[in-house]
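Here's the structure, in structure tokens; my notes come after.
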Amino acid sequence: MADWPAGVGRQVLPSTDSTMAEGARQAPSLPGPTWICALEQTAARGRRGRAWANPPGNFAASLVLRPEGPPGHAALRSFVAALALRDALVAAGVPEGALALKWPNDVLLSGGKLAGILLESMGAGGRIDSLIIGIGVNLAAAPTPEQLEPGAVPPVSLKAETGIDVTPEDFLDLLAAAYDARELQFTTWGFAPIRTAWLAHAARLGETITARTARDETVGRFTDVDSDGQLVLETAKGPRRIAAADIFF
């Protein structure tokens, strides 16, 4: 397994409500960046407050950071986390060509959803005191169809799809090392190299996709992710930049 990054805390809990909630509770007292992994979550959640299925043997962890810079800069760490996830999966033995990154926060394996990322921040007055990056990976089992929202990308598990059997604790070691390397790249060189690497592995780049928000739906050709991390679609009315949406293929 990978060496644990220096200066980064490591917690593995037998059970908690959610690693995001645990991270929020601990954030004010943590001495530095810390990974909190749970072998069981009783109230896991994904984007927009949706429930997140977490069968036994799957990976659930949150990284608690105190990021510097403006709030928008902190939010770009969803791309940092996606690349780190991909790096960790490759280190675990997944063929590189089988993985793709789905904007804004999913990792796909052979076209199915393997992992998701969730960012939440805490602060006041335009300042971010703590950023929590939550990551869930279907290491052992995929959620059942009734646990999915309509139109969602079908989920897959690492074990069923590839035969690779890795424990959450061992995957945490791989992911922490991978994230540390990508975080250093981000803080040293900015978003540009992260954006270039992410686009090199983007799912459905150049194809027509649908972006849905609570208010509208946009259909267009996925051409880019801009310097702010926004999705760029070429539509019949010209380029459209989208800051947040659910994506459907």
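For the structure tokens, the naming scheme is as follows: chains receive sequential letters (A, B, ...) according to their order of presentation, residues are indexed from 1 within each chain, and ligands are indexed from 1 in presentation order.
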For this session: Tell me, as a VMD selection string, which residues lie within 12 Å of Arg25 in chain A, counting only C-alpha atoms; anything in the same chain fewer than 2 positions away does not count.
Result: chain A and resid 16 to 23 27 to 30 36 64 122 130 132
Exercise. Could you pull out all residues of range 165-207 of chain A with a DSSP call of alpha helix (DSSP H) and give them as a ChimeraX atom specification?
Worked result: /A:168-189,191-200
For Ile247 in chain A, find every residue with an atom within 8 Å (counting only C-alpha atoms), except residues of its own chain fewer than 2 positions away, and show them as a PDB file with N, CA and C atoms, in the first residue's frame.
ATOM      1  N   TRP A 103     -18.607  15.074 -15.136  1.00  0.00           N
ATOM      2  CA  TRP A 103     -18.830  16.366 -14.484  1.00  0.00           C
ATOM      3  C   TRP A 103     -20.148  16.337 -13.732  1.00  0.00           C
ATOM      4  N   ILE A 209     -25.052  16.016 -24.454  1.00  0.00           N
ATOM      5  CA  ILE A 209     -25.513  15.603 -23.133  1.00  0.00           C
ATOM      6  C   ILE A 209     -26.607  16.566 -22.667  1.00  0.00           C
ATOM      7  N   THR A 210     -27.238  16.241 -21.556  1.00  0.00           N
ATOM      8  CA  THR A 210     -28.299  17.072 -20.993  1.00  0.00           C
ATOM      9  C   THR A 210     -27.915  17.513 -19.591  1.00  0.00           C
ATOM     10  N   ALA A 211     -28.024  18.818 -19.325  1.00  0.00           N
ATOM     11  CA  ALA A 211     -27.763  19.374 -17.998  1.00  0.00           C
ATOM     12  C   ALA A 211     -29.083  19.869 -17.419  1.00  0.00           C
ATOM     13  N   ARG A 212     -29.471  19.350 -16.269  1.00  0.00           N
ATOM     14  CA  ARG A 212     -30.739  19.729 -15.655  1.00  0.00           C
ATOM     15  C   ARG A 212     -30.509  20.391 -14.307  1.00  0.00           C
ATOM     16  N   ALA A 245     -25.347  21.534 -12.036  1.00  0.00           N
ATOM     17  CA  ALA A 245     -26.463  20.816 -12.667  1.00  0.00           C
ATOM     18  C   ALA A 245     -26.244  19.321 -12.495  1.00  0.00           C
ATOM     19  N   PHE A 249     -26.777  11.434 -19.800  1.00  0.00           N
ATOM     20  CA  PHE A 249     -26.216  11.070 -21.107  1.00  0.00           C
ATOM     21  C   PHE A 249     -27.327  10.612 -22.052  1.00  0.00           C
TER      22      PHE A 249
END
Could you build a table of the residues in range 55-148 of chain A lying no more than 12 Å from range 222-242 of chain A, giving for each the nearest pair of atoms and their separation in Å rounded to one decimal place, using only C-alpha atoms, ordered by chain and ascending residue number, as CSV?
residue,atom,partner,partner_atom,distance
A:Pro70,CA,A:Asp228,CA,11.8
A:Pro71,CA,A:Asp228,CA,11.2
A:Gly72,CA,A:Asp228,CA,7.4
A:His73,CA,A:Asp228,CA,8.0
A:Ala74,CA,A:Asp228,CA,10.7
A:Ala75,CA,A:Gly229,CA,8.5
A:Leu76,CA,A:Gly229,CA,6.4
A:Arg77,CA,A:Gly229,CA,9.7
A:Ser78,CA,A:Gly229,CA,9.1
A:Phe79,CA,A:Gly229,CA,8.1
A:Val80,CA,A:Gly229,CA,11.1
A:Lys102,CA,A:Leu231,CA,10.7
A:Trp103,CA,A:Leu231,CA,7.5
A:Pro104,CA,A:Leu231,CA,8.1
A:Asn105,CA,A:Gly229,CA,11.2
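When only C-alpha atoms are used to measure the gap to Ala177 in chain A, the shortest distance among A:Leu205, A:Val156, A:Glu40, A:Ala81 belongs to A:Ala81.
Interatomic distance, CA of Asp180 in chain A to CA of Leu158 in chain A: 22.8 Å.
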Exercise. Could you write out, as a VMD selection string, all the residues of range 14-226 of chain A that DSSP marks as strand (DSSP E or B)?
Worked result: chain A and resid 16 34 to 38 41 45 51 59 to 65 99 to 102 106 to 109 112 to 124 127 to 137 155 202 208 to 212 217 to 225
For this session: Enter the distance from CA of Pro193 in chain A to CA of Gly134 in chain A, in Å, rounded to one decimal.
Result: 22.6 Å
